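S.K.: protein-v6.txt is reproduced below (compact mmCIF, C-alpha atoms).
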```txt
# COMPACT_ATOMS: atom_id res chain seq x y z
CA MET Z 223 -23.67 -15.73 -10.95
CA ASN Z 224 -21.43 -14.33 -13.71
CA LEU Z 225 -18.17 -12.72 -12.51
CA GLN Z 226 -16.64 -12.03 -15.93
CA VAL Z 227 -15.66 -8.39 -16.62
CA LYS Z 228 -16.15 -6.28 -19.76
CA ILE Z 229 -13.60 -3.94 -21.35
CA THR Z 230 -15.52 -0.70 -20.92
CA ASN Z 231 -14.89 2.59 -19.14
CA ARG Z 232 -17.95 1.97 -17.00
CA GLN Z 233 -16.57 -1.39 -15.85
CA ILE Z 234 -13.16 0.15 -15.12
CA LEU Z 235 -14.64 2.94 -13.00
CA SER Z 236 -17.08 0.62 -11.23
CA ILE Z 237 -14.08 -1.34 -9.94
CA ALA Z 238 -11.54 1.47 -9.51
CA LEU Z 239 -13.55 4.19 -7.78
CA PRO Z 240 -14.60 2.09 -4.75
CA ILE Z 241 -11.01 0.83 -4.47
CA SER Z 242 -9.72 4.41 -4.51
CA ALA Z 243 -12.19 5.35 -1.78
CA SER Z 244 -11.01 2.40 0.33
CA ILE Z 245 -7.37 3.42 -0.19
CA VAL Z 246 -8.02 7.08 0.61
CA VAL Z 247 -9.36 6.23 4.05
CA PRO Z 248 -6.14 4.62 5.42
CA GLN Z 249 -4.20 7.56 3.98
CA ILE Z 250 -6.52 9.91 5.86
CA ASN Z 251 -5.64 7.87 8.96
CA PHE Z 252 -1.91 8.37 8.30
CA ILE Z 253 -2.36 12.11 7.76
CA THR Z 254 -4.59 12.46 10.83
CA ASN Z 255 -2.01 10.64 12.94
CA ASN Z 256 0.67 13.03 11.74
CA ILE Z 257 -1.43 16.16 12.25
CA PHE Z 258 -2.17 15.14 15.86
CA LEU Z 259 1.41 14.02 16.46
CA GLY Z 260 2.67 17.28 14.97
CA GLY Z 261 0.99 18.98 17.91
CA LEU Z 262 3.45 17.18 20.19
CA GLY Z 263 6.43 18.72 18.38
CA GLN Z 264 8.67 18.15 15.36
CA LYS Z 265 10.38 15.12 16.93
CA SER Z 266 7.10 13.21 17.14
CA LEU Z 267 6.24 14.15 13.56
CA ALA Z 268 9.70 13.05 12.41
CA LEU Z 269 9.53 9.71 14.27
CA ALA Z 270 6.12 9.04 12.78
CA GLY Z 271 7.95 8.73 9.45
CA ILE Z 272 10.35 6.06 10.74
CA THR Z 273 7.68 4.04 12.57
CA GLY Z 274 5.15 4.47 9.77
CA VAL Z 275 7.48 3.13 7.10
CA TYR Z 276 8.56 0.27 9.39
CA TYR Z 277 4.96 -0.87 9.82
CA LEU Z 278 4.45 -0.38 6.11
CA ILE Z 279 7.16 -2.99 5.46
CA PHE Z 280 4.97 -5.61 7.11
CA ALA Z 281 1.78 -4.17 5.61
CA VAL Z 282 3.15 -4.70 2.10
CA VAL Z 283 3.85 -8.35 2.88
CA GLY Z 284 0.09 -8.65 3.19
CA HIS Z 285 -0.30 -6.51 0.08
CA GLY Z 286 1.91 -8.90 -1.89
CA LEU Z 287 -0.13 -11.86 -0.66
CA ASN Z 288 -3.27 -9.86 -1.51
CA ASN Z 289 -2.08 -9.23 -5.09
CA GLY Z 290 -1.22 -12.86 -5.69
CA LEU Z 291 -4.49 -14.11 -4.21
CA GLN Z 292 -6.45 -11.45 -6.10
CA ALA Z 293 -4.93 -12.54 -9.43
CA LEU Z 294 -5.89 -16.17 -8.71
CA ILE Z 295 -9.44 -15.28 -7.60
CA SER Z 296 -9.86 -13.02 -10.66
CA ARG Z 297 -8.67 -15.81 -12.94
CA ARG Z 298 -11.21 -18.23 -11.44
CA ALA Z 299 -13.89 -15.52 -11.77
CA GLY Z 300 -12.97 -15.08 -15.44
CA GLU Z 301 -13.23 -18.84 -15.88
CA ASN Z 302 -16.57 -18.70 -13.98
CA ARG Z 303 -15.30 -21.28 -11.45
CA ILE Z 304 -17.10 -19.87 -8.44
CA ASP Z 305 -16.67 -23.07 -6.43
CA ALA Z 306 -12.86 -22.60 -6.33
CA ILE Z 307 -12.93 -19.03 -4.95
CA GLY Z 308 -13.89 -19.75 -1.33
CA ASN Z 309 -11.16 -22.33 -0.85
CA LEU Z 310 -8.54 -19.94 -2.25
CA PHE Z 311 -9.71 -17.24 0.17
CA TRP Z 312 -9.39 -19.43 3.27
CA GLN Z 313 -5.93 -20.67 2.30
CA GLY Z 314 -4.92 -17.00 1.96
CA VAL Z 315 -6.25 -16.24 5.46
CA ARG Z 316 -4.26 -19.14 6.96
CA ILE Z 317 -1.05 -18.05 5.26
CA SER Z 318 -1.55 -14.42 6.32
CA LEU Z 319 -1.94 -15.34 10.00
CA VAL Z 320 1.33 -17.28 9.95
CA PHE Z 321 3.06 -14.27 8.39
CA ALA Z 322 1.51 -12.00 11.05
CA ALA Z 323 2.94 -14.12 13.88
CA ILE Z 324 6.39 -13.93 12.30
CA GLY Z 325 6.09 -10.14 11.92
CA ILE Z 326 5.16 -9.68 15.58
CA LEU Z 327 8.09 -11.78 16.80
CA LEU Z 328 10.56 -9.97 14.55
CA THR Z 329 9.35 -6.60 15.82
CA TRP Z 330 9.57 -7.54 19.47
CA LEU Z 331 12.90 -9.35 19.26
CA VAL Z 332 14.89 -7.88 16.35
CA ALA Z 333 13.63 -4.36 15.57
CA PRO Z 334 15.03 -2.72 18.76
CA ARG Z 335 18.56 -3.82 17.84
CA VAL Z 336 18.20 -2.59 14.26
CA LEU Z 337 16.88 0.83 15.35
CA HIS Z 338 19.64 1.26 17.95
CA TRP Z 339 22.20 0.49 15.28
CA SER Z 340 20.79 2.72 12.54
CA LEU Z 341 19.43 5.86 14.27
CA HIS Z 342 21.50 8.59 15.95
CA ASP Z 343 18.94 9.86 18.47
CA GLU Z 344 18.72 7.59 21.53
CA GLU Z 345 15.53 9.21 22.84
CA GLY Z 346 13.98 8.78 19.41
CA VAL Z 347 14.95 5.10 19.35
CA LYS Z 348 13.25 4.50 22.71
CA MET Z 349 10.06 6.23 21.56
CA ALA Z 350 10.04 4.31 18.25
CA VAL Z 351 10.53 0.92 19.92
CA GLN Z 352 7.71 1.50 22.42
CA PHE Z 353 5.40 2.63 19.62
CA LEU Z 354 6.15 -0.34 17.34
CA ASN Z 355 5.74 -2.92 20.13
CA ILE Z 356 2.14 -1.72 20.42
CA ARG Z 357 1.42 -1.01 16.76
CA ILE Z 358 2.50 -4.44 15.49
CA ILE Z 359 -0.33 -6.13 17.44
CA GLY Z 360 -2.69 -4.92 14.72
CA LEU Z 361 -0.90 -6.94 12.04
CA PRO Z 362 -3.11 -10.09 12.12
CA PHE Z 363 -6.23 -7.95 11.71
CA LEU Z 364 -4.65 -5.97 8.87
CA TYR Z 365 -3.67 -9.15 7.00
CA VAL Z 366 -7.11 -10.75 7.22
CA TYR Z 367 -8.53 -7.38 6.14
CA GLN Z 368 -6.27 -7.49 3.05
CA MET Z 369 -7.42 -11.01 2.21
CA ARG Z 370 -10.96 -9.67 2.30
CA ASN Z 371 -9.83 -7.00 -0.19
CA ALA Z 372 -8.54 -9.70 -2.54
CA LEU Z 373 -11.87 -11.52 -2.33
CA LEU Z 374 -14.07 -8.50 -3.04
CA VAL Z 375 -11.89 -6.97 -5.77
CA GLY Z 376 -11.23 -10.33 -7.41
CA THR Z 377 -14.97 -10.99 -7.65
CA ASN Z 378 -15.84 -7.48 -8.92
CA GLN Z 379 -17.54 -6.41 -5.67
CA SER Z 380 -15.17 -3.58 -4.74
CA LYS Z 381 -18.12 -1.30 -3.86
CA TYR Z 382 -18.24 -2.91 -0.41
CA LEU Z 383 -14.63 -1.99 0.41
CA ILE Z 384 -15.48 1.50 1.62
CA LEU Z 385 -17.72 0.29 4.49
CA GLY Z 386 -14.89 -1.30 6.46
CA THR Z 387 -12.39 1.43 5.72
CA ALA Z 388 -14.84 4.19 6.65
CA THR Z 389 -15.38 2.52 10.02
CA GLU Z 390 -11.63 2.27 10.49
CA ALA Z 391 -11.17 5.97 9.68
CA VAL Z 392 -13.84 7.20 12.10
CA VAL Z 393 -12.54 5.06 14.96
CA ASN Z 394 -8.92 6.00 14.27
CA ILE Z 395 -9.53 9.77 14.14
CA PHE Z 396 -11.67 9.72 17.28
CA LEU Z 397 -9.16 7.64 19.29
CA ASP Z 398 -6.18 9.64 17.98
CA TYR Z 399 -7.73 12.78 19.42
CA CYS Z 400 -8.68 11.09 22.68
CA LEU Z 401 -5.58 8.99 23.37
CA ILE Z 402 -2.82 11.33 22.17
CA TYR Z 403 -4.11 14.35 24.13
CA GLY Z 404 -6.20 12.67 26.84
CA LYS Z 405 -9.71 13.76 25.85
CA MET Z 406 -13.17 12.31 26.65
CA GLY Z 407 -11.91 10.93 29.96
CA LEU Z 408 -9.26 8.73 28.34
CA PRO Z 409 -5.56 8.83 29.38
CA ALA Z 410 -3.11 11.10 27.54
CA LEU Z 411 -0.69 8.58 26.02
CA GLY Z 412 1.14 10.98 23.71
CA PHE Z 413 3.08 9.36 20.87
CA ASN Z 414 1.95 5.84 21.86
CA GLY Z 415 -1.69 6.92 21.75
CA ALA Z 416 -1.56 6.85 17.96
CA ALA Z 417 -0.41 3.22 18.07
CA TYR Z 418 -3.32 2.12 20.29
CA ALA Z 419 -5.78 4.08 18.14
CA SER Z 420 -4.59 2.39 14.93
CA VAL Z 421 -4.79 -1.12 16.39
CA VAL Z 422 -8.36 -0.66 17.66
CA ALA Z 423 -9.36 0.93 14.33
CA GLU Z 424 -8.04 -2.06 12.36
CA ILE Z 425 -10.03 -4.46 14.53
CA ALA Z 426 -13.20 -2.37 14.11
CA GLY Z 427 -12.85 -2.21 10.32
CA LEU Z 428 -12.36 -5.97 10.07
CA VAL Z 429 -15.41 -6.75 12.20
CA VAL Z 430 -17.64 -4.43 10.17
CA ILE Z 431 -16.63 -5.78 6.77
CA PHE Z 432 -17.25 -9.40 7.76
CA ILE Z 433 -20.68 -8.37 9.04
CA VAL Z 434 -21.32 -6.75 5.63
CA ILE Z 435 -20.13 -9.83 3.72
CA HIS Z 436 -22.52 -11.98 5.74
CA ALA Z 437 -25.44 -9.53 5.56
CA LYS Z 438 -25.15 -9.09 1.77
CA GLY Z 439 -25.12 -12.85 1.20
CA ILE Z 440 -21.65 -12.79 -0.36
CA SER Z 441 -20.54 -15.76 1.74
CA ARG Z 442 -23.39 -17.81 0.28
CA GLN Z 443 -22.97 -16.55 -3.30
CA LEU Z 444 -19.25 -17.38 -3.35
CA GLN Z 445 -19.70 -20.61 -1.37
CA LEU Z 446 -17.09 -19.43 1.14
CA PHE Z 447 -17.80 -22.11 3.72
CA ARG Z 448 -18.35 -24.99 1.32
CA SER Z 449 -14.65 -25.84 1.16
CA TRP Z 450 -12.73 -23.94 3.81
CA GLY Z 451 -10.53 -26.76 5.11
CA PHE Z 452 -6.79 -26.88 4.51
CA ASP Z 453 -5.89 -27.47 0.86
CA ALA Z 454 -2.21 -28.16 0.26
CA ALA Z 455 -2.42 -27.69 -3.52
CA ASN Z 456 -4.08 -24.26 -3.31
CA THR Z 457 -1.79 -23.19 -0.47
CA LYS Z 458 1.22 -24.06 -2.62
CA LEU Z 459 -0.32 -22.24 -5.59
CA ILE Z 460 -0.94 -19.06 -3.55
CA LEU Z 461 2.60 -19.11 -2.15
CA LYS Z 462 4.07 -19.71 -5.61
CA GLN Z 463 2.10 -16.80 -7.04
CA SER Z 464 2.51 -14.45 -4.07
CA SER Z 465 6.07 -15.09 -2.86
CA PRO Z 466 7.78 -13.02 -5.58
CA LEU Z 467 5.23 -10.24 -5.04
CA ILE Z 468 5.75 -10.32 -1.27
CA LEU Z 469 9.51 -10.13 -1.74
CA GLN Z 470 9.05 -7.41 -4.38
CA HIS Z 471 6.94 -5.19 -2.09
CA THR Z 472 9.08 -5.91 0.97
CA ILE Z 473 12.37 -4.89 -0.63
CA SER Z 474 10.63 -1.84 -2.08
CA ILE Z 475 9.45 -0.54 1.29
CA THR Z 476 12.64 -1.70 3.06
CA SER Z 477 14.52 0.54 0.65
CA TRP Z 478 12.17 3.34 1.68
CA GLU Z 479 13.10 2.72 5.34
CA PHE Z 480 16.76 2.89 4.26
CA PHE Z 481 15.94 6.20 2.57
CA TYR Z 482 14.36 7.54 5.77
CA ILE Z 483 17.37 6.48 7.83
CA LEU Z 484 19.59 8.46 5.45
CA ILE Z 485 17.20 11.42 5.74
CA GLU Z 486 17.33 11.20 9.56
CA HIS Z 487 21.04 11.92 9.35
CA HIS Z 488 20.11 15.34 7.88
CA GLY Z 489 18.13 16.36 11.01
CA ASP Z 490 14.60 16.46 12.40
CA GLN Z 491 13.28 19.01 9.90
CA ALA Z 492 14.46 16.99 6.89
CA LEU Z 493 12.83 13.89 8.36
CA ALA Z 494 9.60 15.74 9.16
CA VAL Z 495 9.45 17.16 5.61
CA SER Z 496 9.98 13.70 4.15
CA ASN Z 497 7.28 12.24 6.38
CA THR Z 498 4.77 14.77 5.05
CA MET Z 499 5.86 13.86 1.51
CA ARG Z 500 5.04 10.22 2.28
CA ASN Z 501 1.58 11.31 3.42
CA ILE Z 502 1.03 13.44 0.32
CA PHE Z 503 2.40 10.74 -2.00
CA GLY Z 504 0.11 8.17 -0.39
CA PHE Z 505 -3.02 10.32 -0.27
CA PHE Z 506 -2.85 11.78 -3.77
CA GLY Z 507 -1.63 8.50 -5.24
CA CYS Z 508 -4.81 6.70 -4.18
CA PHE Z 509 -6.45 6.92 -7.59
CA THR Z 510 -3.29 5.61 -9.23
CA TRP Z 511 -3.10 2.61 -6.89
CA ALA Z 512 -6.81 1.97 -7.41
CA PHE Z 513 -6.32 1.77 -11.17
CA ALA Z 514 -3.29 -0.46 -10.55
CA ALA Z 515 -5.40 -2.92 -8.52
CA THR Z 516 -8.08 -2.72 -11.22
CA THR Z 517 -5.45 -3.56 -13.84
CA ASN Z 518 -4.39 -6.67 -11.92
CA THR Z 519 -7.91 -8.03 -11.53
CA MET Z 520 -9.21 -7.09 -15.00
CA VAL Z 521 -6.18 -8.40 -16.91
CA SER Z 522 -6.35 -11.71 -15.05
CA ASN Z 523 -10.12 -11.92 -15.60
CA ILE Z 524 -9.82 -11.17 -19.33
CA ILE Z 525 -7.12 -13.81 -19.73
CA GLY Z 526 -9.39 -16.25 -17.87
CA GLN Z 527 -12.04 -15.51 -20.53
CA ASP Z 528 -9.44 -16.45 -23.18
CA ILE Z 529 -9.55 -13.08 -24.97
CA HIS Z 530 -5.81 -12.37 -24.76
CA HIS Z 531 -5.85 -10.14 -27.86
CA ARG Z 532 -7.77 -7.40 -25.99
CA VAL Z 533 -5.41 -7.09 -22.99
CA ILE Z 534 -3.31 -4.24 -24.47
CA GLU Z 535 -6.51 -2.40 -25.40
CA LEU Z 536 -7.63 -2.69 -21.78
CA ILE Z 537 -4.26 -1.41 -20.49
CA HIS Z 538 -4.45 1.67 -22.71
CA LYS Z 539 -7.92 2.51 -21.35
CA LEU Z 540 -6.64 2.15 -17.79
CA ILE Z 541 -3.62 4.37 -18.46
CA LYS Z 542 -5.81 7.18 -19.78
CA TRP Z 543 -7.81 7.24 -16.55
CA SER Z 544 -4.77 6.85 -14.30
CA VAL Z 545 -2.73 9.60 -15.97
CA GLY Z 546 -5.74 11.91 -16.15
CA PHE Z 547 -6.25 11.84 -12.39
CA ALA Z 548 -2.48 12.15 -11.75
CA LEU Z 549 -2.22 15.27 -13.92
CA ILE Z 550 -5.06 16.92 -12.00
CA VAL Z 551 -3.25 16.16 -8.74
CA CYS Z 552 0.07 17.43 -10.12
CA VAL Z 553 -1.45 20.77 -11.17
CA PHE Z 554 -3.23 21.13 -7.80
CA LEU Z 555 -0.09 20.48 -5.75
CA ASN Z 556 1.96 22.96 -7.76
CA LEU Z 557 -0.69 25.68 -7.63
CA PHE Z 558 -1.48 25.32 -3.91
CA PRO Z 559 1.64 23.94 -2.16
CA HIS Z 560 1.28 26.25 0.83
CA ALA Z 561 -2.27 25.09 1.55
CA CYS Z 562 -1.26 21.42 1.39
CA LEU Z 563 1.68 21.85 3.76
CA SER Z 564 0.22 24.30 6.28
CA ILE Z 565 -2.14 21.67 7.75
CA TYR Z 566 0.82 20.13 9.62
CA GLY Z 567 1.23 23.29 11.71
CA GLN Z 568 5.03 23.41 11.54
CA GLY Z 569 5.62 27.05 10.54
CA GLU Z 570 6.85 28.95 7.51
CA ASP Z 571 10.43 27.61 7.59
CA PHE Z 572 9.10 24.08 7.34
CA ILE Z 573 6.82 24.99 4.42
CA GLN Z 574 9.59 26.71 2.47
CA ALA Z 575 11.87 23.70 2.96
CA ALA Z 576 9.12 21.34 1.79
CA ILE Z 577 7.89 23.13 -1.35
CA PRO Z 578 10.83 22.13 -3.64
CA VAL Z 579 10.41 18.51 -2.54
CA LEU Z 580 6.66 18.70 -3.18
CA ARG Z 581 7.27 19.74 -6.79
CA ILE Z 582 9.47 16.68 -7.34
CA VAL Z 583 6.83 14.45 -5.74
CA SER Z 584 4.07 15.87 -7.95
CA PHE Z 585 6.03 14.99 -11.10
CA ALA Z 586 6.83 11.51 -9.73
CA LEU Z 587 3.09 10.91 -9.20
CA VAL Z 588 2.47 11.37 -12.94
CA LEU Z 589 5.28 8.99 -13.87
CA MET Z 590 4.01 6.49 -11.30
CA SER Z 591 0.51 6.64 -12.83
CA VAL Z 592 1.90 5.05 -16.00
CA SER Z 593 4.42 2.66 -14.44
CA VAL Z 594 2.07 0.94 -11.99
CA ILE Z 595 -0.45 0.11 -14.70
CA TRP Z 596 2.12 -1.79 -16.78
CA LEU Z 597 3.62 -3.37 -13.65
CA ASN Z 598 0.24 -4.62 -12.41
CA ALA Z 599 -0.65 -5.85 -15.88
CA VAL Z 600 2.35 -8.17 -15.51
CA THR Z 601 0.97 -9.25 -12.12
CA GLY Z 602 -2.36 -10.04 -13.76
CA THR Z 603 -0.67 -12.35 -16.27
CA GLY Z 604 0.60 -14.47 -13.39
CA ASN Z 605 4.32 -13.86 -13.99
CA SER Z 606 5.16 -12.56 -10.53
CA LYS Z 607 8.83 -13.51 -11.02
CA MET Z 608 9.04 -10.85 -13.72
CA ASN Z 609 7.71 -8.31 -11.20
CA LEU Z 610 10.38 -9.34 -8.71
CA ALA Z 611 13.20 -9.02 -11.24
CA THR Z 612 11.99 -5.58 -12.30
CA GLU Z 613 11.63 -4.40 -8.70
CA THR Z 614 15.09 -5.68 -7.79
CA ALA Z 615 16.73 -3.71 -10.59
CA ALA Z 616 14.81 -0.56 -9.62
CA ILE Z 617 15.72 -0.88 -5.93
CA ILE Z 618 19.43 -1.36 -6.63
CA LEU Z 619 19.51 1.86 -8.65
CA TYR Z 620 17.31 3.67 -6.10
CA CYS Z 621 19.42 2.77 -3.05
CA THR Z 622 22.74 3.35 -4.78
CA TYR Z 623 21.67 6.79 -5.95
CA ASN Z 624 20.34 7.81 -2.52
CA TYR Z 625 23.40 6.59 -0.65
CA ILE Z 626 25.71 8.60 -2.91
CA VAL Z 627 23.54 11.73 -2.96
CA LEU Z 628 22.43 11.86 0.69
CA GLU Z 629 25.25 10.16 2.60
CA LYS Z 630 28.40 10.68 0.54
CA LEU Z 631 27.72 14.02 -1.17
CA ASN Z 632 25.42 15.28 1.61
CA LEU Z 633 23.21 17.10 -0.89
CA PRO Z 634 19.80 18.59 0.11
CA ILE Z 635 16.93 16.13 0.46
CA THR Z 636 15.34 17.45 -2.74
CA TRP Z 637 18.05 15.55 -4.61
CA GLY Z 638 17.20 12.43 -2.62
CA TRP Z 639 13.53 12.65 -3.54
CA ALA Z 640 14.53 12.91 -7.21
CA SER Z 641 15.29 9.19 -6.91
CA GLU Z 642 11.54 8.60 -7.39
CA VAL Z 643 12.00 9.46 -11.07
CA ILE Z 644 14.75 6.83 -11.40
CA TYR Z 645 12.67 4.25 -9.54
CA TRP Z 646 9.45 4.57 -11.53
CA SER Z 647 11.27 4.79 -14.87
CA THR Z 648 13.11 1.56 -14.11
CA LEU Z 649 9.84 -0.21 -13.31
CA LEU Z 650 8.14 1.07 -16.46
CA ILE Z 651 10.60 0.00 -19.16
CA PRO Z 652 10.78 -3.82 -18.62
CA SER Z 653 7.06 -4.07 -17.77
CA PHE Z 654 6.13 -2.25 -20.98
CA TRP Z 655 8.47 -4.50 -22.99
CA TYR Z 656 7.16 -7.72 -21.44
CA MET Z 657 3.49 -6.96 -22.07
CA HIS Z 658 4.16 -6.00 -25.70
CA SER Z 659 6.34 -9.10 -26.23
CA GLY Z 660 3.31 -11.39 -25.83
CA ARG Z 661 5.33 -13.93 -23.81
CA TRP Z 662 2.64 -13.94 -21.12
CA LYS Z 663 0.00 -15.46 -23.42
CA THR Z 664 1.09 -19.04 -22.77
CA ARG Z 665 1.17 -18.81 -18.94
CA LYS Z 666 -1.35 -20.81 -16.91
CA ILE Z 667 -2.17 -20.25 -13.21
```
Using the file provided, produce a representation of the structure as structure tokens.

M.R.:
Amino acid sequence: MNLQVKITNRQILSIALPISASIVVPQINFITNNIFLGGLGQKSLALAGITGVYYLIFAVVGHGLNNGLQALISRRAGENRIDAIGNLFWQGVRISLVFAAIGILLTWLVAPRVLHWSLHDEEGVKMAVQFLNIRIIGLPFLYVYQMRNALLVGTNQSKYLILGTATEAVVNIFLDYCLIYGKMGLPALGFNGAAYASVVAEIAGLVVIFIVIHAKGISRQLQLFRSWGFDAANTKLILKQSSPLILQHTISITSWEFFYILIEHHGDQALAVSNTMRNIFGFFGCFTWAFAATTNTMVSNIIGQDIHHRVIELIHKLIKWSVGFALIVCVFLNLFPHACLSIYGQGEDFIQAAIPVLRIVSFALVLMSVSVIWLNAVTGTGNSKMNLATETAAIILYCTYNYIVLEKLNLPITWGWASEVIYWSTLLIPSFWYMHSGRWKTRKI
């Protein structure tokens, strides 16, 4: 079984397109949640932004662990060391379950105090706390699901990703409809119905993908159960590789929660508009994030093959695809903003308030399509500390700018969303410099 990749457009698309499909499905879930919740009123739609970003903070902890594990699995695949892959996977699962337990306890014990302190609307705080106490139960299933992602992408079998995510989408949409409004004989749970629907959907997606892995013989091919016991050395290696990435992603999304808290101070409409922007950013950014994940795995694999001199060539190929898709999205959003925003059913005033923000977001998507490729190339080299340093600098500028613009100067939220340009530019410059410096060529993981 040869898991080494080739530097071709066909190889890039064979990895990236299934990843993009698997990323689109959770974004469809987010959008569906918000469309159904929008039917309950603007307050529910606005609170979906706060609760969604909060859960995303914990989701990106798993994403950071996923990225670190994926880089290690891809490196072993490039070295053709299939026997080492299964053990790495099981250490990642163990670590993720510990992190999930911590996330649940923090949400139940600490989050209510933080929300009471930061939000102005007491009724909104009560609704958010009840929602999150339910939603966080899905965290262990999400984390194991993300470890499965690292395994399949790292071994160039991303085509199987869509099966689990498609299951998750179907279950989530069906239960959203039933549990929010009380259809098909199920109770009408309102805002909390979306939380229950998401948890059940995550469990369903996880079950299906493990059935697929077993049915396709992937467990046997990768020798997953040959060495699944605790391995202190590999556990330490995963934590060393992933910890900076976990911290990087966590502070990134925490800053986004800070941004949403500042937006909440501008009223329900501003928060509702920003929540739809998060949906649009996430949905239309799926291709970009797919090429980013492809960059991580292919760069690590190529380095594992000891053909360092072709890494920059690979990055340039990936950028062409990433930017191409982003430009198509940018043109579409600017030509048809009304169509994109009307699906939330919030009226003409809402749409007119959102259109200027949408134009900023569309430009930021193009800039992001370049930045994430260089950033994930750094991840693929194994220098996750460089990622953390870059992210820290970007977040400091991002939060400082937003605090001044939104809180001190009280400018319209369009100015706040312009911070995306600052953020992605700050990530791009040091990542681009580091990859062209060649300092990564001597790193071993």

S.K.: Residues within 7 Å of segment 298-315 of chain Z, please, as a PDB file with C-alpha atoms, keeping the file's coordinate frame. Count all atoms listed in the file; anything in the same chain fewer than 6 positions from it doesn't count.

M.R.:
```pdb
ATOM      1  CA  ASN Z 224     -21.430 -14.330 -13.710  1.00  0.00           C
ATOM      2  CA  LEU Z 225     -18.170 -12.720 -12.510  1.00  0.00           C
ATOM      3  CA  GLN Z 226     -16.640 -12.030 -15.930  1.00  0.00           C
ATOM      4  CA  LEU Z 291      -4.490 -14.110  -4.210  1.00  0.00           C
ATOM      5  CA  VAL Z 366      -7.110 -10.750   7.220  1.00  0.00           C
ATOM      6  CA  MET Z 369      -7.420 -11.010   2.210  1.00  0.00           C
ATOM      7  CA  LEU Z 373     -11.870 -11.520  -2.330  1.00  0.00           C
ATOM      8  CA  THR Z 377     -14.970 -10.990  -7.650  1.00  0.00           C
ATOM      9  CA  LEU Z 444     -19.250 -17.380  -3.350  1.00  0.00           C
ATOM     10  CA  GLN Z 445     -19.700 -20.610  -1.370  1.00  0.00           C
ATOM     11  CA  LEU Z 446     -17.090 -19.430   1.140  1.00  0.00           C
ATOM     12  CA  PHE Z 447     -17.800 -22.110   3.720  1.00  0.00           C
ATOM     13  CA  SER Z 449     -14.650 -25.840   1.160  1.00  0.00           C
ATOM     14  CA  TRP Z 450     -12.730 -23.940   3.810  1.00  0.00           C
ATOM     15  CA  PHE Z 452      -6.790 -26.880   4.510  1.00  0.00           C
ATOM     16  CA  ASP Z 453      -5.890 -27.470   0.860  1.00  0.00           C
ATOM     17  CA  ASN Z 456      -4.080 -24.260  -3.310  1.00  0.00           C
ATOM     18  CA  THR Z 457      -1.790 -23.190  -0.470  1.00  0.00           C
ATOM     19  CA  ASN Z 523     -10.120 -11.920 -15.600  1.00  0.00           C
ATOM     20  CA  ILE Z 524      -9.820 -11.170 -19.330  1.00  0.00           C
ATOM     21  CA  GLY Z 526      -9.390 -16.250 -17.870  1.00  0.00           C
ATOM     22  CA  GLN Z 527     -12.040 -15.510 -20.530  1.00  0.00           C
TER      23      GLN Z 527
END
```

S.K.: At what distance in Å, to one decimal, does atom CA of Ala322 of chain Z lie from atom CA of Ala391 of chain Z?

M.R.: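 About the pair atom CA of Ala391 of chain Z and atom CA of Ala322 of chain Z: they are 22.0 Å apart.
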
S.K.: Which residues, written as a PyMOL selection string, have at least one atom at most 10 Å from segment 397-403 of chain Z, with all atoms listed in the file counted and residues fewer than 2 positions away on the same chain left out?

M.R.: chain Z and resi 251+254-259+261-262+391-395+405-420+422-423

S.K.: My list of candidates is Z:Asn288, Z:Ser318, Z:Thr519, Z:Gln491. Which is closest to Gln568 of chain Z when distances are computed with only C-alpha atoms?

M.R.: Z:Gln491

S.K.: Please report the interatomic distance between atom CA of Trp639 of chain Z and atom CA of Ile245 of chain Z in Å with one decimal.

M.R.: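 Taking atom CA of Trp639 of chain Z as the start and atom CA of Ile245 of chain Z as the end point, the length is 23.1 Å.
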
S.K.: Report, in Å with one decimal, the straight-line distance from atom CA of Val600 of chain Z to atom CA of Tyr382 of chain Z.

M.R.: 26.1 Å

S.K.: What lies within 12 Å of Thr614 of chain Z using all atoms listed in the file, ignoring chain neighbours under 3 positions off, as a short mmCIF file (atom, residue, chain, number, x, y, z; two decimals) with C-alpha atoms, in the frame of the given file?

M.R.:
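The new file out00.cif reads:
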```cif
data_model
loop_
_atom_site.label_atom_id
_atom_site.label_comp_id
_atom_site.auth_asym_id
_atom_site.auth_seq_id
_atom_site.Cartn_x
_atom_site.Cartn_y
_atom_site.Cartn_z
CA PRO Z 466 7.78 -13.02 -5.58
CA LEU Z 467 5.23 -10.24 -5.04
CA LEU Z 469 9.51 -10.13 -1.74
CA GLN Z 470 9.05 -7.41 -4.38
CA HIS Z 471 6.94 -5.19 -2.09
CA THR Z 472 9.08 -5.91 0.97
CA ILE Z 473 12.37 -4.89 -0.63
CA SER Z 474 10.63 -1.84 -2.08
CA ILE Z 475 9.45 -0.54 1.29
CA THR Z 476 12.64 -1.70 3.06
CA SER Z 477 14.52 0.54 0.65
CA LYS Z 607 8.83 -13.51 -11.02
CA MET Z 608 9.04 -10.85 -13.72
CA ASN Z 609 7.71 -8.31 -11.20
CA LEU Z 610 10.38 -9.34 -8.71
CA ALA Z 611 13.20 -9.02 -11.24
CA ILE Z 617 15.72 -0.88 -5.93
CA ILE Z 618 19.43 -1.36 -6.63
CA LEU Z 619 19.51 1.86 -8.65
CA TYR Z 620 17.31 3.67 -6.10
CA CYS Z 621 19.42 2.77 -3.05
CA TYR Z 645 12.67 4.25 -9.54
CA THR Z 648 13.11 1.56 -14.11
CA LEU Z 649 9.84 -0.21 -13.31
CA PRO Z 652 10.78 -3.82 -18.62
#
```

S.K.: From the options Z:Leu287, Z:Thr612, Z:Arg581, Z:Arg448, which residue's atoms come nearest to Trp596 of chain Z, counting all atoms listed in the file?

M.R.: Z:Thr612
